[in-house]
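**Q** My file is start_31.pdb. It has PDB, C-alpha atoms, pLDDT in the B column:
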```pdb
ATOM      1  CA  MET A   1     -27.753 -21.353  11.812  1.00 62.00           C
ATOM      2  CA  ASN A   2     -26.647 -18.047  13.356  1.00 82.00           C
ATOM      3  CA  PHE A   3     -23.022 -18.954  13.959  1.00 90.00           C
ATOM      4  CA  GLY A   4     -20.072 -20.043  11.857  1.00 95.00           C
ATOM      5  CA  PHE A   5     -17.209 -18.550   9.877  1.00 97.00           C
ATOM      6  CA  ILE A   6     -17.077 -16.069   7.008  1.00 97.00           C
ATOM      7  CA  LEU A   7     -14.125 -15.648   4.658  1.00 98.00           C
ATOM      8  CA  PHE A   8     -13.884 -11.899   4.102  1.00 98.00           C
ATOM      9  CA  ASP A   9     -11.817  -9.743   1.751  1.00 98.00           C
ATOM     10  CA  LYS A  10     -10.811  -6.710   3.813  1.00 97.00           C
ATOM     11  CA  PRO A  11     -10.665  -3.456   1.835  1.00 97.00           C
ATOM     12  CA  PRO A  12      -7.969  -0.787   2.379  1.00 96.00           C
ATOM     13  CA  LYS A  13      -8.385   2.010   4.935  1.00 93.00           C
ATOM     14  CA  LYS A  14     -10.445  -0.217   7.223  1.00 94.00           C
ATOM     15  CA  THR A  15      -9.087  -1.700  10.433  1.00 91.00           C
ATOM     16  CA  SER A  16      -9.792  -5.312  11.283  1.00 92.00           C
ATOM     17  CA  HIS A  17     -11.901  -3.965  14.176  1.00 92.00           C
ATOM     18  CA  ASP A  18     -13.917  -1.810  11.742  1.00 95.00           C
ATOM     19  CA  ILE A  19     -14.886  -5.049   9.988  1.00 97.00           C
ATOM     20  CA  ILE A  20     -15.977  -6.633  13.271  1.00 96.00           C
ATOM     21  CA  ASP A  21     -18.121  -3.545  14.009  1.00 97.00           C
ATOM     22  CA  PHE A  22     -19.697  -3.827  10.544  1.00 97.00           C
ATOM     23  CA  PHE A  23     -20.627  -7.463  11.136  1.00 97.00           C
ATOM     24  CA  ARG A  24     -21.978  -6.710  14.621  1.00 97.00           C
ATOM     25  CA  LYS A  25     -24.230  -4.114  13.044  1.00 97.00           C
ATOM     26  CA  ILE A  26     -25.625  -6.295  10.258  1.00 97.00           C
ATOM     27  CA  THR A  27     -25.904  -9.531  12.290  1.00 97.00           C
ATOM     28  CA  LYS A  28     -26.992  -8.019  15.638  1.00 96.00           C
ATOM     29  CA  ILE A  29     -24.515 -10.471  17.215  1.00 97.00           C
ATOM     30  CA  LYS A  30     -22.002  -9.066  19.702  1.00 97.00           C
ATOM     31  CA  LYS A  31     -19.643 -12.056  19.914  1.00 97.00           C
ATOM     32  CA  ILE A  32     -17.574 -11.718  16.712  1.00 97.00           C
ATOM     33  CA  GLY A  33     -13.817 -12.096  16.260  1.00 96.00           C
ATOM     34  CA  HIS A  34     -11.161 -12.688  13.627  1.00 95.00           C
ATOM     35  CA  ALA A  35      -8.215 -15.040  13.185  1.00 93.00           C
ATOM     36  CA  GLY A  36      -5.323 -12.631  12.663  1.00 88.00           C
ATOM     37  CA  THR A  37      -5.370  -8.878  12.114  1.00 87.00           C
ATOM     38  CA  LEU A  38      -4.376  -6.887   9.029  1.00 91.00           C
ATOM     39  CA  ASP A  39      -2.969  -3.341   9.069  1.00 88.00           C
ATOM     40  CA  PRO A  40      -5.445  -0.670   7.896  1.00 89.00           C
ATOM     41  CA  PHE A  41      -3.651  -0.088   4.567  1.00 92.00           C
ATOM     42  CA  ALA A  42      -3.468  -3.843   3.863  1.00 95.00           C
ATOM     43  CA  THR A  43      -6.158  -5.846   2.091  1.00 98.00           C
ATOM     44  CA  GLY A  44      -7.105  -9.473   1.846  1.00 98.00           C
ATOM     45  CA  LEU A  45      -8.271 -12.500   3.730  1.00 98.00           C
ATOM     46  CA  LEU A  46      -9.785 -12.290   7.205  1.00 97.00           C
ATOM     47  CA  ILE A  47     -11.424 -15.333   8.765  1.00 97.00           C
ATOM     48  CA  LEU A  48     -14.295 -14.049  10.893  1.00 97.00           C
ATOM     49  CA  GLY A  49     -15.972 -16.054  13.645  1.00 97.00           C
ATOM     50  CA  ILE A  50     -19.641 -15.157  14.072  1.00 97.00           C
ATOM     51  CA  GLY A  51     -21.192 -16.126  17.421  1.00 96.00           C
ATOM     52  CA  ARG A  52     -19.690 -17.581  20.587  1.00 95.00           C
ATOM     53  CA  GLN A  53     -19.496 -21.149  19.215  1.00 94.00           C
ATOM     54  CA  ALA A  54     -17.317 -19.886  16.343  1.00 96.00           C
ATOM     55  CA  THR A  55     -15.139 -17.393  18.244  1.00 96.00           C
ATOM     56  CA  LYS A  56     -14.137 -20.174  20.660  1.00 95.00           C
ATOM     57  CA  LYS A  57     -12.567 -22.011  17.709  1.00 94.00           C
ATOM     58  CA  LEU A  58     -10.695 -19.071  16.142  1.00 94.00           C
ATOM     59  CA  GLY A  59      -7.476 -20.105  17.887  1.00 92.00           C
ATOM     60  CA  LYS A  60      -7.068 -23.064  15.516  1.00 91.00           C
ATOM     61  CA  PHE A  61      -6.543 -20.640  12.606  1.00 93.00           C
ATOM     62  CA  LEU A  62      -4.001 -18.348  14.305  1.00 90.00           C
ATOM     63  CA  LYS A  63      -1.030 -20.679  13.848  1.00 92.00           C
ATOM     64  CA  LEU A  64      -1.766 -21.550  10.212  1.00 96.00           C
ATOM     65  CA  ASN A  65       0.720 -20.556   7.510  1.00 97.00           C
ATOM     66  CA  LYS A  66       0.007 -17.446   5.472  1.00 98.00           C
ATOM     67  CA  GLU A  67       0.506 -16.263   1.892  1.00 98.00           C
ATOM     68  CA  TYR A  68       0.971 -12.594   1.003  1.00 98.00           C
ATOM     69  CA  LEU A  69       1.474 -10.410  -2.043  1.00 98.00           C
ATOM     70  CA  ALA A  70       3.757  -7.520  -1.108  1.00 98.00           C
ATOM     71  CA  LYS A  71       4.846  -4.384  -2.923  1.00 98.00           C
ATOM     72  CA  ILE A  72       8.110  -2.976  -1.581  1.00 98.00           C
ATOM     73  CA  LYS A  73       9.340   0.519  -2.402  1.00 98.00           C
ATOM     74  CA  LEU A  74      13.123   0.715  -2.482  1.00 98.00           C
ATOM     75  CA  GLY A  75      15.272   3.828  -2.123  1.00 98.00           C
ATOM     76  CA  ALA A  76      13.694   5.035   1.113  1.00 98.00           C
ATOM     77  CA  THR A  77      12.972   3.944   4.687  1.00 97.00           C
ATOM     78  CA  SER A  78       9.988   4.353   6.993  1.00 96.00           C
ATOM     79  CA  ASP A  79       9.904   4.495  10.794  1.00 90.00           C
ATOM     80  CA  THR A  80       6.887   2.157  10.719  1.00 90.00           C
ATOM     81  CA  PHE A  81       8.426   0.010   7.939  1.00 94.00           C
ATOM     82  CA  ASP A  82       5.419   0.871   5.722  1.00 94.00           C
ATOM     83  CA  LYS A  83       3.951   3.760   3.708  1.00 95.00           C
ATOM     84  CA  GLU A  84       1.978   5.055   6.718  1.00 90.00           C
ATOM     85  CA  GLY A  85       5.099   6.185   8.553  1.00 91.00           C
ATOM     86  CA  LYS A  86       7.664   8.974   8.278  1.00 93.00           C
ATOM     87  CA  ILE A  87       9.450   8.384   4.962  1.00 97.00           C
ATOM     88  CA  THR A  88      13.154   9.169   4.597  1.00 97.00           C
ATOM     89  CA  LYS A  89      14.594   9.067   1.077  1.00 97.00           C
ATOM     90  CA  LYS A  90      18.004   7.450   0.616  1.00 96.00           C
ATOM     91  CA  GLU A  91      20.642   8.360  -1.914  1.00 94.00           C
ATOM     92  CA  VAL A  92      20.942   5.429  -4.318  1.00 95.00           C
ATOM     93  CA  LYS A  93      24.240   5.551  -6.193  1.00 92.00           C
ATOM     94  CA  LYS A  94      23.689   2.235  -7.935  1.00 94.00           C
ATOM     95  CA  ILE A  95      20.267   0.744  -8.672  1.00 97.00           C
ATOM     96  CA  PRO A  96      20.183  -2.888  -7.452  1.00 97.00           C
ATOM     97  CA  GLU A  97      20.155  -5.449 -10.250  1.00 97.00           C
ATOM     98  CA  LYS A  98      17.550  -8.205 -10.223  1.00 97.00           C
ATOM     99  CA  LYS A  99      20.264 -10.874  -9.770  1.00 97.00           C
ATOM    100  CA  LYS A 100      21.416  -9.201  -6.561  1.00 97.00           C
ATOM    101  CA  ILE A 101      17.833  -8.989  -5.300  1.00 98.00           C
ATOM    102  CA  GLU A 102      17.257 -12.671  -6.081  1.00 98.00           C
ATOM    103  CA  LYS A 103      20.361 -13.616  -4.085  1.00 97.00           C
ATOM    104  CA  ILE A 104      19.416 -11.470  -1.078  1.00 97.00           C
ATOM    105  CA  VAL A 105      15.795 -12.640  -1.081  1.00 97.00           C
ATOM    106  CA  LYS A 106      16.963 -16.290  -1.001  1.00 97.00           C
ATOM    107  CA  GLY A 107      18.820 -15.506   2.227  1.00 97.00           C
ATOM    108  CA  PHE A 108      15.514 -14.937   4.001  1.00 98.00           C
ATOM    109  CA  ILE A 109      14.108 -18.369   3.132  1.00 98.00           C
ATOM    110  CA  GLY A 110      14.078 -20.879   5.993  1.00 98.00           C
ATOM    111  CA  GLU A 111      14.018 -20.405   9.752  1.00 98.00           C
ATOM    112  CA  ILE A 112      15.103 -16.856  10.508  1.00 97.00           C
ATOM    113  CA  LYS A 113      15.165 -14.487  13.468  1.00 95.00           C
ATOM    114  CA  GLN A 114      13.074 -11.427  12.747  1.00 94.00           C
ATOM    115  CA  THR A 115      12.673  -8.257  14.799  1.00 86.00           C
ATOM    116  CA  PRO A 116       9.052  -7.015  14.860  1.00 85.00           C
ATOM    117  CA  PRO A 117       8.446  -3.415  13.729  1.00 81.00           C
ATOM    118  CA  PRO A 118       8.610  -0.781  16.500  1.00 70.00           C
ATOM    119  CA  PHE A 119       5.074   0.215  15.506  1.00 59.00           C
ATOM    120  CA  SER A 120       3.488  -3.172  16.249  1.00 54.00           C
ATOM    121  CA  ALA A 121       1.076  -4.638  18.785  1.00 55.00           C
ATOM    122  CA  LYS A 122       3.873  -6.536  20.549  1.00 56.00           C
ATOM    123  CA  LYS A 123       3.774  -5.956  24.307  1.00 54.00           C
ATOM    124  CA  VAL A 124       6.657  -4.148  26.034  1.00 52.00           C
ATOM    125  CA  LYS A 125       6.310  -4.030  29.836  1.00 53.00           C
ATOM    126  CA  GLY A 126       2.561  -4.428  29.523  1.00 55.00           C
ATOM    127  CA  LYS A 127       2.118  -1.774  26.834  1.00 54.00           C
ATOM    128  CA  LYS A 128       1.768  -2.165  23.083  1.00 53.00           C
ATOM    129  CA  ALA A 129       4.946  -1.212  21.230  1.00 46.00           C
ATOM    130  CA  TYR A 130       3.165   1.212  18.891  1.00 48.00           C
ATOM    131  CA  GLU A 131       1.720   3.140  21.868  1.00 51.00           C
ATOM    132  CA  LEU A 132       5.242   3.741  23.169  1.00 43.00           C
ATOM    133  CA  ALA A 133       6.678   4.457  19.712  1.00 44.00           C
ATOM    134  CA  ARG A 134       4.027   7.118  19.058  1.00 53.00           C
ATOM    135  CA  LYS A 135       5.147   8.894  22.235  1.00 50.00           C
ATOM    136  CA  GLY A 136       8.735   8.924  20.992  1.00 53.00           C
ATOM    137  CA  VAL A 137       9.877   6.189  23.381  1.00 53.00           C
ATOM    138  CA  LYS A 138      12.590   4.004  21.876  1.00 65.00           C
ATOM    139  CA  VAL A 139      11.300   0.454  21.671  1.00 64.00           C
ATOM    140  CA  ASN A 140      13.695  -2.510  21.751  1.00 67.00           C
ATOM    141  CA  LEU A 141      11.847  -5.612  20.619  1.00 67.00           C
ATOM    142  CA  LYS A 142      13.448  -9.028  20.817  1.00 81.00           C
ATOM    143  CA  PRO A 143      13.967 -10.976  17.584  1.00 85.00           C
ATOM    144  CA  GLN A 144      11.591 -13.901  17.197  1.00 91.00           C
ATOM    145  CA  GLU A 145      11.920 -17.077  15.186  1.00 96.00           C
ATOM    146  CA  VAL A 146       9.728 -17.310  12.102  1.00 96.00           C
ATOM    147  CA  LYS A 147       9.818 -19.500   9.033  1.00 98.00           C
ATOM    148  CA  ILE A 148       9.648 -18.323   5.434  1.00 98.00           C
ATOM    149  CA  TYR A 149       8.952 -21.212   3.076  1.00 98.00           C
ATOM    150  CA  LYS A 150       9.065 -19.406  -0.247  1.00 98.00           C
ATOM    151  CA  ILE A 151       9.630 -15.930  -1.715  1.00 98.00           C
ATOM    152  CA  GLU A 152       8.858 -15.416  -5.382  1.00 98.00           C
ATOM    153  CA  ILE A 153       9.796 -12.238  -7.250  1.00 98.00           C
ATOM    154  CA  LEU A 154       6.739 -11.333  -9.328  1.00 98.00           C
ATOM    155  CA  LYS A 155       7.893  -8.029 -10.800  1.00 98.00           C
ATOM    156  CA  TYR A 156      10.797  -5.630 -10.452  1.00 98.00           C
ATOM    157  CA  LYS A 157      11.341  -2.202 -11.856  1.00 98.00           C
ATOM    158  CA  PHE A 158      13.218   0.115  -9.522  1.00 98.00           C
ATOM    159  CA  PRO A 159      12.021   1.410  -7.111  1.00 98.00           C
ATOM    160  CA  ILE A 160       9.139  -1.118  -6.970  1.00 98.00           C
ATOM    161  CA  LEU A 161       9.713  -4.757  -6.058  1.00 98.00           C
ATOM    162  CA  GLU A 162       6.691  -7.082  -5.987  1.00 98.00           C
ATOM    163  CA  ILE A 163       6.989 -10.443  -4.243  1.00 98.00           C
ATOM    164  CA  LYS A 164       4.835 -13.366  -3.080  1.00 98.00           C
ATOM    165  CA  ILE A 165       5.626 -14.814   0.344  1.00 98.00           C
ATOM    166  CA  ASN A 166       4.621 -18.114   1.956  1.00 98.00           C
ATOM    167  CA  CYS A 167       5.433 -17.969   5.648  1.00 98.00           C
ATOM    168  CA  SER A 168       4.618 -19.091   9.157  1.00 97.00           C
ATOM    169  CA  SER A 169       2.231 -17.314  11.456  1.00 94.00           C
ATOM    170  CA  GLY A 170       3.910 -14.416  13.269  1.00 92.00           C
ATOM    171  CA  THR A 171       5.959 -13.258  10.285  1.00 96.00           C
ATOM    172  CA  TYR A 172       5.978  -9.485   9.829  1.00 94.00           C
ATOM    173  CA  ILE A 173       6.051  -8.596   6.139  1.00 97.00           C
ATOM    174  CA  ARG A 174       6.813  -4.979   7.104  1.00 95.00           C
ATOM    175  CA  SER A 175       9.996  -6.189   8.825  1.00 95.00           C
ATOM    176  CA  LEU A 176      10.852  -8.323   5.795  1.00 98.00           C
ATOM    177  CA  ALA A 177      10.509  -5.296   3.495  1.00 98.00           C
ATOM    178  CA  ASN A 178      12.738  -3.208   5.770  1.00 97.00           C
ATOM    179  CA  ASP A 179      15.314  -6.013   6.085  1.00 97.00           C
ATOM    180  CA  ILE A 180      15.470  -6.559   2.308  1.00 98.00           C
ATOM    181  CA  GLY A 181      16.039  -2.824   1.848  1.00 98.00           C
ATOM    182  CA  GLN A 182      18.825  -2.861   4.447  1.00 97.00           C
ATOM    183  CA  LYS A 183      20.569  -5.839   2.839  1.00 97.00           C
ATOM    184  CA  LEU A 184      20.387  -4.117  -0.559  1.00 97.00           C
ATOM    185  CA  GLY A 185      21.897  -0.982   0.983  1.00 96.00           C
ATOM    186  CA  CYS A 186      19.236   1.286  -0.483  1.00 97.00           C
ATOM    187  CA  GLY A 187      16.465   1.037   2.103  1.00 98.00           C
ATOM    188  CA  GLY A 188      12.961  -0.222   1.550  1.00 98.00           C
ATOM    189  CA  TYR A 189       9.488  -0.160   3.058  1.00 98.00           C
ATOM    190  CA  LEU A 190       6.146  -1.856   2.495  1.00 98.00           C
ATOM    191  CA  GLU A 191       4.038   0.041  -0.031  1.00 98.00           C
ATOM    192  CA  ASN A 192       1.174  -2.461  -0.312  1.00 98.00           C
ATOM    193  CA  LEU A 193       0.175  -5.769   1.237  1.00 98.00           C
ATOM    194  CA  ARG A 194      -2.509  -8.320   0.389  1.00 98.00           C
ATOM    195  CA  ARG A 195      -3.097 -11.550   2.295  1.00 98.00           C
ATOM    196  CA  THR A 196      -4.185 -14.253  -0.131  1.00 98.00           C
ATOM    197  CA  LYS A 197      -4.177 -17.416   2.005  1.00 98.00           C
ATOM    198  CA  ILE A 198      -4.552 -18.597   5.588  1.00 97.00           C
ATOM    199  CA  GLY A 199      -3.764 -22.308   5.671  1.00 97.00           C
ATOM    200  CA  ASP A 200      -5.894 -23.880   2.934  1.00 96.00           C
ATOM    201  CA  PHE A 201      -8.380 -20.987   2.904  1.00 96.00           C
ATOM    202  CA  SER A 202      -8.010 -18.756  -0.135  1.00 97.00           C
ATOM    203  CA  ILE A 203      -8.980 -15.187  -1.001  1.00 98.00           C
ATOM    204  CA  GLY A 204     -10.815 -16.545  -4.062  1.00 97.00           C
ATOM    205  CA  LYS A 205     -13.690 -17.676  -1.831  1.00 95.00           C
ATOM    206  CA  ALA A 206     -13.790 -14.527   0.303  1.00 98.00           C
ATOM    207  CA  LYS A 207     -16.691 -12.074   0.186  1.00 97.00           C
ATOM    208  CA  LYS A 208     -16.316  -8.333  -0.303  1.00 97.00           C
ATOM    209  CA  LEU A 209     -17.915  -5.557   1.756  1.00 95.00           C
ATOM    210  CA  SER A 210     -20.293  -4.722  -1.110  1.00 96.00           C
ATOM    211  CA  GLU A 211     -21.555  -8.323  -1.272  1.00 97.00           C
ATOM    212  CA  ILE A 212     -22.717  -8.696   2.329  1.00 97.00           C
ATOM    213  CA  ASN A 213     -25.659  -7.069   4.078  1.00 97.00           C
ATOM    214  CA  SER A 214     -28.141  -7.658   6.905  1.00 96.00           C
ATOM    215  CA  LYS A 215     -30.410  -9.748   4.675  1.00 96.00           C
ATOM    216  CA  ASN A 216     -27.926 -12.166   3.111  1.00 96.00           C
ATOM    217  CA  TRP A 217     -25.034 -12.647   5.599  1.00 97.00           C
ATOM    218  CA  LYS A 218     -26.327 -16.021   6.875  1.00 95.00           C
ATOM    219  CA  LYS A 219     -25.920 -17.675   3.485  1.00 95.00           C
ATOM    220  CA  PHE A 220     -22.173 -16.988   3.563  1.00 96.00           C
ATOM    221  CA  LEU A 221     -21.657 -18.771   6.907  1.00 96.00           C
ATOM    222  CA  ILE A 222     -19.532 -21.900   6.756  1.00 93.00           C
ATOM    223  CA  LYS A 223     -18.829 -24.544   9.384  1.00 85.00           C
ATOM    224  CA  ILE A 224     -15.169 -25.474   9.703  1.00 71.00           C
TER     225      ILE A 224
END
```
Could you spell out this file's structure in structure tokens?

**A**
Amino acid sequence: MNFGFILFDKPPKKTSHDIIDFFRKITKIKKIGHAGTLDPFATGLLILGIGRQATKKLGKFLKLNKEYLAKIKLGATSDTFDKEGKITKKEVKKIPEKKKIEKIVKGFIGEIKQTPPPFSAKKVKGKKAYELARKGVKVNLKPQEVKIYKIEILKYKFPILEIKINCSSGTYIRSLANDIGQKLGCGGYLENLRRTKIGDFSIGKAKKLSEINSKNWKKFLIKI
């Protein structure tokens, strides 16, 4: 069997396309895709389709719910809503208490309207928003409806807030980090992000870059 799906744990500093190029190289198969991109600084679960028979079915994974572990840095903002952008420190006169954070975080649970980050792949008049933003063009993206099922505070010690999010497809965790910072009045941006689930598929079964090579990749193929 030369086609199927691989659950892969994307490392930091690699784009989702870098991972596709890696698999093209080791498999000698050109038709490879993934079910939902991750930003270069982010890590975690990618579902890769190897071969035409698999890539045709990737669409069924795109609308599945996701789970993320996010580290938010408070007390500053970023033009990209994450650590890769231009960081602007904010004066924090009063450090937010955990009770206040819990209350604000609860306000994001349910069906919400969320504005995508200006540095995103959303199309604006046929061009990707980040292409325009990089040129200094002001991008006005329309809010979109997403659903956040659960947000759990894992750890908090100012300025770092760590949370776990269960959400619908299309949710931008960068926007969530920025919005939480705005509601707290101290600013915030995404410092780290790890995707741990896509639907019922978990990071625990994903393979790392160091585990896969041209000789063994076939044994990690699964049929879904």

**Q** Suppose a student applies the PyMOL selection byres ((chain A and resi 220) around 9) to this structure; what residues should they get, written as a PyMOL selection string?

**A** chain A and resi 5-7+207+212+216-219+221-222

**Q** If you measure from CA of Phe61 in chain A to CA of Ala35 in chain A, what distance in Å do you get, rounded to one decimal?

**A**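 Between CA of Phe61 in chain A and CA of Ala35 in chain A the gap works out to 5.9 Å.
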
**Q** List the residues selected by the PyMOL selection byres ((chain A and resi 161) around 9) in the file shown, writing them as a ChimeraX atom specification.

**A** /A:70-74,153-160,162-163

**Q** Just how far from CA of Glu97 in chain A is CA of Lys113 in chain A, in Å to one decimal?

**A**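 So the answer is 25.9 Å.
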
**Q** Have a look at CA of Asp79 in chain A and CA of Asp9 in chain A and let me know their distance in Å, one decimal.

**A**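 Between CA of Asp79 in chain A and CA of Asp9 in chain A the gap works out to 27.5 Å.
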
**Q** Using only C-alpha atoms, which of A:Lys208, A:Lys63, A:Lys150, A:Lys86 sits nearest Gly170 in chain A?

**A**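 Of all the options, A:Lys63 lies closest to Gly170 in chain A.
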
**Q** Report as a list in words the full result of the PyMOL selection byres ((chain A and resi 165) around 8) when it is applied to this structure.

**A**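 When the PyMOL selection byres ((chain A and resi 165) around 8) is applied to the shown file, the picked residues are Glu67, Tyr68, Leu69, Ala70, Ile148, Tyr149, Lys150, Ile151, Glu152, Ile163, Lys164, Asn166 and Cys167 of chain A.
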